[in-house]
Amino acid sequence: MTIRSSGALAAACAALALTTAWPVFAQNADLARNLAATCANCHGTNGQAKGDMKPLAGVSAEKILALWSDYKSGAQPATIMHQISKGYSDEQIKLIAAYFAAQPAAKK
Amino acid sequence: MNATLFDVSRRRMLGASAALGGLSTLGLAGCATTASGPSIGRVVVIGGGFGGTTAARYLKLWGGNVDVTLVERNTSFISCPISNLVVGGYKQMADITRGYDGLKALGVKVVQGDVSAIDASGKKVRLAGGGELPYDRLVVSPGIDFIWDQVGGLQAAVDAGSVVHSWKAGPQTVALRRQLEAMPDGGVVAIAIPKAPYRCPPGPYERACMIASYLKTAKPKSKLLVLDANPEITSKKALFEKAFADHYKGILEYKANAEIKEVSGKVAKFEFEDVRADVLNVIPPQRAGDIARSAGLVNINARWVGVNWLTMESTAAPGIHVLGDATFPAPLMPKSGHMANQHAKVAAAAIIQQLKGQAVNATPVVMNTCYSFVTARDVIHVATVHQYDAADKTFKTVPGSGGVSAAANQIEGRYALSWAQNIWDDMLAAA
């Protein structure tokens, strides 16, 4: 994750860290979830895609990352994913892949 | 309740209860992740379209114990995306209509009715049918309403049924389809497109294709005039131009810089000419939905709502989150159902953290995919990815990302329908 934190966030995290035992980067778990949710419009809620879309739930992170890299490079022909894949950072796609890998496999 | 203090204390209690063998019922209940514990807050959502339903669904999915009430005037959701296929005769209204039962099953209270006022200082929503809904945080996803007075006679003509807008899916979609069916072969259909920004940038051109496709098959002596107030096609230009030339030559005539001034009966008046049509579809100029305006949320160009993109809160009224078409967009951000769904997820994540007194996500991402049918089967897309830019406090598209289809194709025709199925299920929590 890239923490391009605003001063306010850093201050808030620091304040929390002082007063509680919270991990400072507690939002990391939500970040993966939030990023993965940007895929749900096509790939279904939590990756449970229906119809002609590829389900991502329960697919291994390695497989998602390899496919992603191939879309990005153009090695894997695509209608749209070669364009969308270039919009996310490598750190973001790692979080997304790990999130979907941890979901129960899609029922379809 | 002070959410921050509450959170701190309940975490301490959890620690203590774990150490003491779990004696603290209150502490454990407060930490429960199921929907059985005490509520972390009340959220009222106004508007059951792409934005509002997604917000309600994801507040439940991610927030657990959030009281969510959705207020919507219609009994069911009718999708604008895919509605041009109904206009073309390739889909039925039932195909684009979905119920709110999935949300109800999640515990969302669905109230059918209109909102008469938002009391921002008292944190209450007043219902037109009587009664009030108190809230801790409010989501307003009102879509668009029309700026009727920019086109003389338009509202009266639409009320009388001589002109249809068909830019909100529902009875207007059916009306346009029926008028096309009733028109004799050899008739003239006209579509007037307003200046951008308006809901669904490629929508008017997709509609033109769908109407032309119907005429080509069923009424080949007819004509379709596409009269565009914009200097050129506003989205997927080269692809639409190719579709017009490849499929609808001799039927579809496109004219740029044609801004409608007035309508009278079946005559549309432009600066230099009058156009008489048998079916007149005027897409009116648009602004944020009425409730946003009456609540004082409209603060940009007297049309749109400025928002803080980290939380989707109105810049006019913190604590009120505004989604979708009603917002003044970030650069290159379209007014689309897909984008409203993405806005809603940013808002839902932020609301849950705000209710818990936590810092909100500092690096949100939203993306958009829009498929347009150029024939009954061939589809073209435009896609963008928008990353939050902390320095400029807005979303920006990622250089080198996004784009349009290389050419219209049938694979994307299948994807377009699957997109609809998946996004409707995502927002409405369908099984």
# chains A, B, ... in the order shown; residues from 1 in each chain; ligands from 1
>>> residues_around(residues="Gly152 (chain B)", least_positions_apart="5", cutoff="10 Å", atoms="only C-alpha atoms", output="list of chain:residue names")
B:Ala157, B:Ile260, B:Lys261, B:Glu262, B:Val263, B:Ser264, B:Ala268, B:Lys269
>>> write_last_selection(atoms="N, CA and C atoms", output="PDB file, in the first residue's frame")
ATOM      1  N   ALA B 157     -45.054  19.922 -23.473  1.00  0.00           N
ATOM      2  CA  ALA B 157     -45.109  18.920 -24.543  1.00  0.00           C
ATOM      3  C   ALA B 157     -44.899  17.513 -23.987  1.00  0.00           C
ATOM      4  N   ILE B 260     -31.549  22.648 -29.581  1.00  0.00           N
ATOM      5  CA  ILE B 260     -32.992  22.896 -29.632  1.00  0.00           C
ATOM      6  C   ILE B 260     -33.335  24.096 -28.755  1.00  0.00           C
ATOM      7  N   LYS B 261     -34.243  24.954 -29.276  1.00  0.00           N
ATOM      8  CA  LYS B 261     -34.630  26.157 -28.527  1.00  0.00           C
ATOM      9  C   LYS B 261     -36.053  26.036 -27.971  1.00  0.00           C
ATOM     10  N   GLU B 262     -36.898  25.367 -28.742  1.00  0.00           N
ATOM     11  CA  GLU B 262     -38.323  25.367 -28.401  1.00  0.00           C
ATOM     12  C   GLU B 262     -39.008  24.171 -29.052  1.00  0.00           C
ATOM     13  N   VAL B 263     -40.052  23.689 -28.424  1.00  0.00           N
ATOM     14  CA  VAL B 263     -40.890  22.694 -29.093  1.00  0.00           C
ATOM     15  C   VAL B 263     -42.335  23.166 -29.101  1.00  0.00           C
ATOM     16  N   SER B 264     -42.999  22.792 -30.184  1.00  0.00           N
ATOM     17  CA  SER B 264     -44.407  23.158 -30.306  1.00  0.00           C
ATOM     18  C   SER B 264     -45.080  22.011 -31.039  1.00  0.00           C
ATOM     19  N   ALA B 268     -39.797  20.738 -33.573  1.00  0.00           N
ATOM     20  CA  ALA B 268     -38.661  21.167 -32.763  1.00  0.00           C
ATOM     21  C   ALA B 268     -38.012  22.349 -33.466  1.00  0.00           C
ATOM     22  N   LYS B 269     -37.817  23.436 -32.703  1.00  0.00           N
ATOM     23  CA  LYS B 269     -37.277  24.649 -33.320  1.00  0.00           C
ATOM     24  C   LYS B 269     -35.808  24.834 -32.931  1.00  0.00           C
TER      25      LYS B 269
END
>>> residues_around(residues="Ser336 (chain B)", least_positions_apart="4", cutoff="10 Å", atoms="only C-alpha atoms", output="mmCIF file with C-alpha atoms, in the first residue's frame")
data_model
loop_
_atom_site.group_PDB
_atom_site.id
_atom_site.type_symbol
_atom_site.label_atom_id
_atom_site.label_comp_id
_atom_site.auth_asym_id
_atom_site.auth_seq_id
_atom_site.Cartn_x
_atom_site.Cartn_y
_atom_site.Cartn_z
ATOM 1 C CA PHE B 50 -27.347 2.732 -8.870
ATOM 2 C CA GLY B 51 -25.762 4.924 -6.181
ATOM 3 C CA CYS B 80 -31.329 3.186 -17.602
ATOM 4 C CA PRO B 81 -28.427 1.055 -18.893
ATOM 5 C CA GLY B 143 -29.876 11.279 -9.981
ATOM 6 C CA TYR B 198 -25.636 15.158 -19.049
ATOM 7 C CA ARG B 199 -26.370 11.669 -17.712
ATOM 8 C CA CYS B 200 -24.664 8.874 -19.696
ATOM 9 C CA PRO B 201 -22.461 10.588 -22.330
ATOM 10 C CA PRO B 202 -22.727 7.818 -24.981
ATOM 11 C CA GLY B 203 -26.394 7.095 -24.233
ATOM 12 C CA GLY B 324 -23.649 9.701 -8.809
ATOM 13 C CA ASP B 325 -24.994 11.920 -11.548
ATOM 14 C CA ALA B 340 -22.509 5.988 -9.086
ATOM 15 C CA ASN B 341 -21.957 2.406 -7.875
ATOM 16 C CA GLN B 342 -18.259 3.199 -7.397
ATOM 17 C CA ASN B 368 -15.859 3.149 -15.014
ATOM 18 C CA THR B 369 -16.898 0.819 -17.787
ATOM 19 C CA CYS B 370 -19.588 1.773 -20.214
#
>>> closest_residue(among="B:Trp309, B:Asn84, B:Ser79, B:Leu225", to="Gly99 (chain B)", atoms="only C-alpha atoms")
B:Ser79
>>> interface_residues(of="chain B", to="chain A", cutoff="8 Å", atoms="only C-alpha atoms", output="ChimeraX atom specification")
/B:8,338,341-342,345-346,349,359,361-367,381,383-387,390,397-405,412,414-415,418-423,425-426
>>> atom_distance(atom1="CA of Val360 (chain B)", atom2="CA of Ile118 (chain B)")
25.0 Å
>>> closest_residue(among="B:Ala117, B:Cys209, B:Gly413, B:Trp304", to="Lys242 (chain B)", atoms="only C-alpha atoms")
B:Cys209
>>> select_by_dssp(residues="region 224-383 of chain B", states="helix (DSSP H, G or I)", output="PyMOL selection string")
chain B and resi 237-247+290-294+324-326+337-355
>>> write_last_selection(atoms="N, CA and C atoms", output="mmCIF file, in the first residue's frame")
data_model
loop_
_atom_site.group_PDB
_atom_site.id
_atom_site.type_symbol
_atom_site.label_atom_id
_atom_site.label_comp_id
_atom_site.auth_asym_id
_atom_site.auth_seq_id
_atom_site.Cartn_x
_atom_site.Cartn_y
_atom_site.Cartn_z
ATOM 1 N N LYS B 237 -16.505 8.675 -30.201
ATOM 2 C CA LYS B 237 -16.883 9.365 -31.441
ATOM 3 C C LYS B 237 -16.621 8.542 -32.704
ATOM 4 N N ALA B 238 -15.368 8.100 -32.879
ATOM 5 C CA ALA B 238 -15.016 7.394 -34.119
ATOM 6 C C ALA B 238 -15.821 6.103 -34.254
ATOM 7 N N LEU B 239 -16.055 5.434 -33.120
ATOM 8 C CA LEU B 239 -16.785 4.162 -33.161
ATOM 9 C C LEU B 239 -18.254 4.376 -33.516
ATOM 10 N N PHE B 240 -18.850 5.408 -32.962
ATOM 11 C CA PHE B 240 -20.247 5.699 -33.325
ATOM 12 C C PHE B 240 -20.342 6.161 -34.780
ATOM 13 N N GLU B 241 -19.399 6.980 -35.201
ATOM 14 C CA GLU B 241 -19.433 7.435 -36.596
ATOM 15 C C GLU B 241 -19.350 6.249 -37.557
ATOM 16 N N LYS B 242 -18.515 5.299 -37.191
ATOM 17 C CA LYS B 242 -18.374 4.104 -38.037
ATOM 18 C C LYS B 242 -19.668 3.297 -38.042
ATOM 19 N N ALA B 243 -20.277 3.174 -36.856
ATOM 20 C CA ALA B 243 -21.550 2.431 -36.778
ATOM 21 C C ALA B 243 -22.626 3.118 -37.605
ATOM 22 N N PHE B 244 -22.694 4.441 -37.506
ATOM 23 C CA PHE B 244 -23.698 5.182 -38.295
ATOM 24 C C PHE B 244 -23.481 4.904 -39.793
ATOM 25 N N ALA B 245 -22.216 4.955 -40.227
ATOM 26 C CA ALA B 245 -21.911 4.787 -41.655
ATOM 27 C C ALA B 245 -22.083 3.336 -42.106
ATOM 28 N N ASP B 246 -21.626 2.396 -41.282
ATOM 29 C CA ASP B 246 -21.650 0.982 -41.679
ATOM 30 C C ASP B 246 -23.058 0.403 -41.691
ATOM 31 N N HIS B 247 -23.871 0.802 -40.719
ATOM 32 C CA HIS B 247 -25.158 0.116 -40.529
ATOM 33 C C HIS B 247 -26.378 0.955 -40.882
ATOM 34 N N ASP B 290 -33.912 17.147 -7.808
ATOM 35 C CA ASP B 290 -34.595 18.228 -7.081
ATOM 36 C C ASP B 290 -34.257 18.275 -5.596
ATOM 37 N N ILE B 291 -34.186 17.114 -4.954
ATOM 38 C CA ILE B 291 -33.985 17.136 -3.497
ATOM 39 C C ILE B 291 -32.616 17.724 -3.143
ATOM 40 N N ALA B 292 -31.637 17.535 -4.014
ATOM 41 C CA ALA B 292 -30.320 18.123 -3.760
ATOM 42 C C ALA B 292 -30.412 19.646 -3.800
ATOM 43 N N ARG B 293 -31.215 20.142 -4.727
ATOM 44 C CA ARG B 293 -31.341 21.590 -4.851
ATOM 45 C C ARG B 293 -32.136 22.169 -3.674
ATOM 46 N N SER B 294 -33.262 21.536 -3.345
ATOM 47 C CA SER B 294 -34.081 22.102 -2.266
ATOM 48 C C SER B 294 -33.366 21.994 -0.918
ATOM 49 N N GLY B 324 -23.161 9.916 -7.449
ATOM 50 C CA GLY B 324 -23.649 9.701 -8.809
ATOM 51 C C GLY B 324 -23.790 10.947 -9.657
ATOM 52 N N ASP B 325 -24.802 10.889 -10.529
ATOM 53 C CA ASP B 325 -24.994 11.920 -11.548
ATOM 54 C C ASP B 325 -25.132 13.327 -10.962
ATOM 55 N N ALA B 326 -25.582 13.430 -9.719
ATOM 56 C CA ALA B 326 -25.832 14.739 -9.114
ATOM 57 C C ALA B 326 -24.540 15.490 -8.797
ATOM 58 N N GLY B 337 -24.249 5.035 -14.286
ATOM 59 C CA GLY B 337 -24.651 4.148 -13.209
ATOM 60 C C GLY B 337 -23.460 3.424 -12.612
ATOM 61 N N HIS B 338 -22.521 3.047 -13.474
ATOM 62 C CA HIS B 338 -21.319 2.357 -12.996
ATOM 63 C C HIS B 338 -20.549 3.260 -12.033
ATOM 64 N N MET B 339 -20.394 4.540 -12.415
ATOM 65 C CA MET B 339 -19.649 5.460 -11.548
ATOM 66 C C MET B 339 -20.397 5.714 -10.248
ATOM 67 N N ALA B 340 -21.729 5.795 -10.312
ATOM 68 C CA ALA B 340 -22.509 5.988 -9.086
ATOM 69 C C ALA B 340 -22.299 4.818 -8.127
ATOM 70 N N ASN B 341 -22.231 3.604 -8.675
ATOM 71 C CA ASN B 341 -21.957 2.406 -7.875
ATOM 72 C C ASN B 341 -20.582 2.525 -7.207
ATOM 73 N N GLN B 342 -19.616 3.046 -7.946
ATOM 74 C CA GLN B 342 -18.259 3.199 -7.397
ATOM 75 C C GLN B 342 -18.224 4.300 -6.336
ATOM 76 N N HIS B 343 -18.915 5.414 -6.605
ATOM 77 C CA HIS B 343 -19.028 6.474 -5.594
ATOM 78 C C HIS B 343 -19.580 5.890 -4.286
ATOM 79 N N ALA B 344 -20.604 5.053 -4.431
ATOM 80 C CA ALA B 344 -21.311 4.521 -3.264
ATOM 81 C C ALA B 344 -20.385 3.680 -2.391
ATOM 82 N N LYS B 345 -19.448 2.976 -3.024
ATOM 83 C CA LYS B 345 -18.526 2.141 -2.246
ATOM 84 C C LYS B 345 -17.521 3.005 -1.486
ATOM 85 N N VAL B 346 -17.086 4.097 -2.101
ATOM 86 C CA VAL B 346 -16.215 5.038 -1.382
ATOM 87 C C VAL B 346 -16.973 5.603 -0.183
ATOM 88 N N ALA B 347 -18.231 5.976 -0.426
ATOM 89 C CA ALA B 347 -19.040 6.564 0.648
ATOM 90 C C ALA B 347 -19.325 5.551 1.752
ATOM 91 N N ALA B 348 -19.678 4.320 1.377
ATOM 92 C CA ALA B 348 -20.018 3.306 2.389
ATOM 93 C C ALA B 348 -18.814 3.022 3.286
ATOM 94 N N ALA B 349 -17.635 2.879 2.677
ATOM 95 C CA ALA B 349 -16.426 2.624 3.466
ATOM 96 C C ALA B 349 -16.161 3.792 4.405
ATOM 97 N N ALA B 350 -16.308 5.014 3.878
ATOM 98 C CA ALA B 350 -16.031 6.201 4.695
ATOM 99 C C ALA B 350 -17.040 6.338 5.831
ATOM 100 N N ILE B 351 -18.319 6.118 5.530
ATOM 101 C CA ILE B 351 -19.370 6.283 6.546
ATOM 102 C C ILE B 351 -19.147 5.327 7.716
ATOM 103 N N ILE B 352 -18.812 4.086 7.376
ATOM 104 C CA ILE B 352 -18.586 3.107 8.446
ATOM 105 C C ILE B 352 -17.422 3.564 9.326
ATOM 106 N N GLN B 353 -16.356 4.047 8.713
ATOM 107 C CA GLN B 353 -15.204 4.486 9.516
ATOM 108 C C GLN B 353 -15.545 5.759 10.290
ATOM 109 N N GLN B 354 -16.315 6.642 9.694
ATOM 110 C CA GLN B 354 -16.702 7.859 10.413
ATOM 111 C C GLN B 354 -17.591 7.528 11.600
ATOM 112 N N LEU B 355 -18.504 6.578 11.427
ATOM 113 C CA LEU B 355 -19.370 6.173 12.540
ATOM 114 C C LEU B 355 -18.554 5.548 13.662
#
>>> residues_around(residues="Thr217 (chain B)", least_positions_apart="5", cutoff="12 Å", atoms="only C-alpha atoms", output="JSON, numbers by chain")
{"B": [88, 89, 185, 210, 211, 212, 222, 247, 248, 251, 375, 376]}
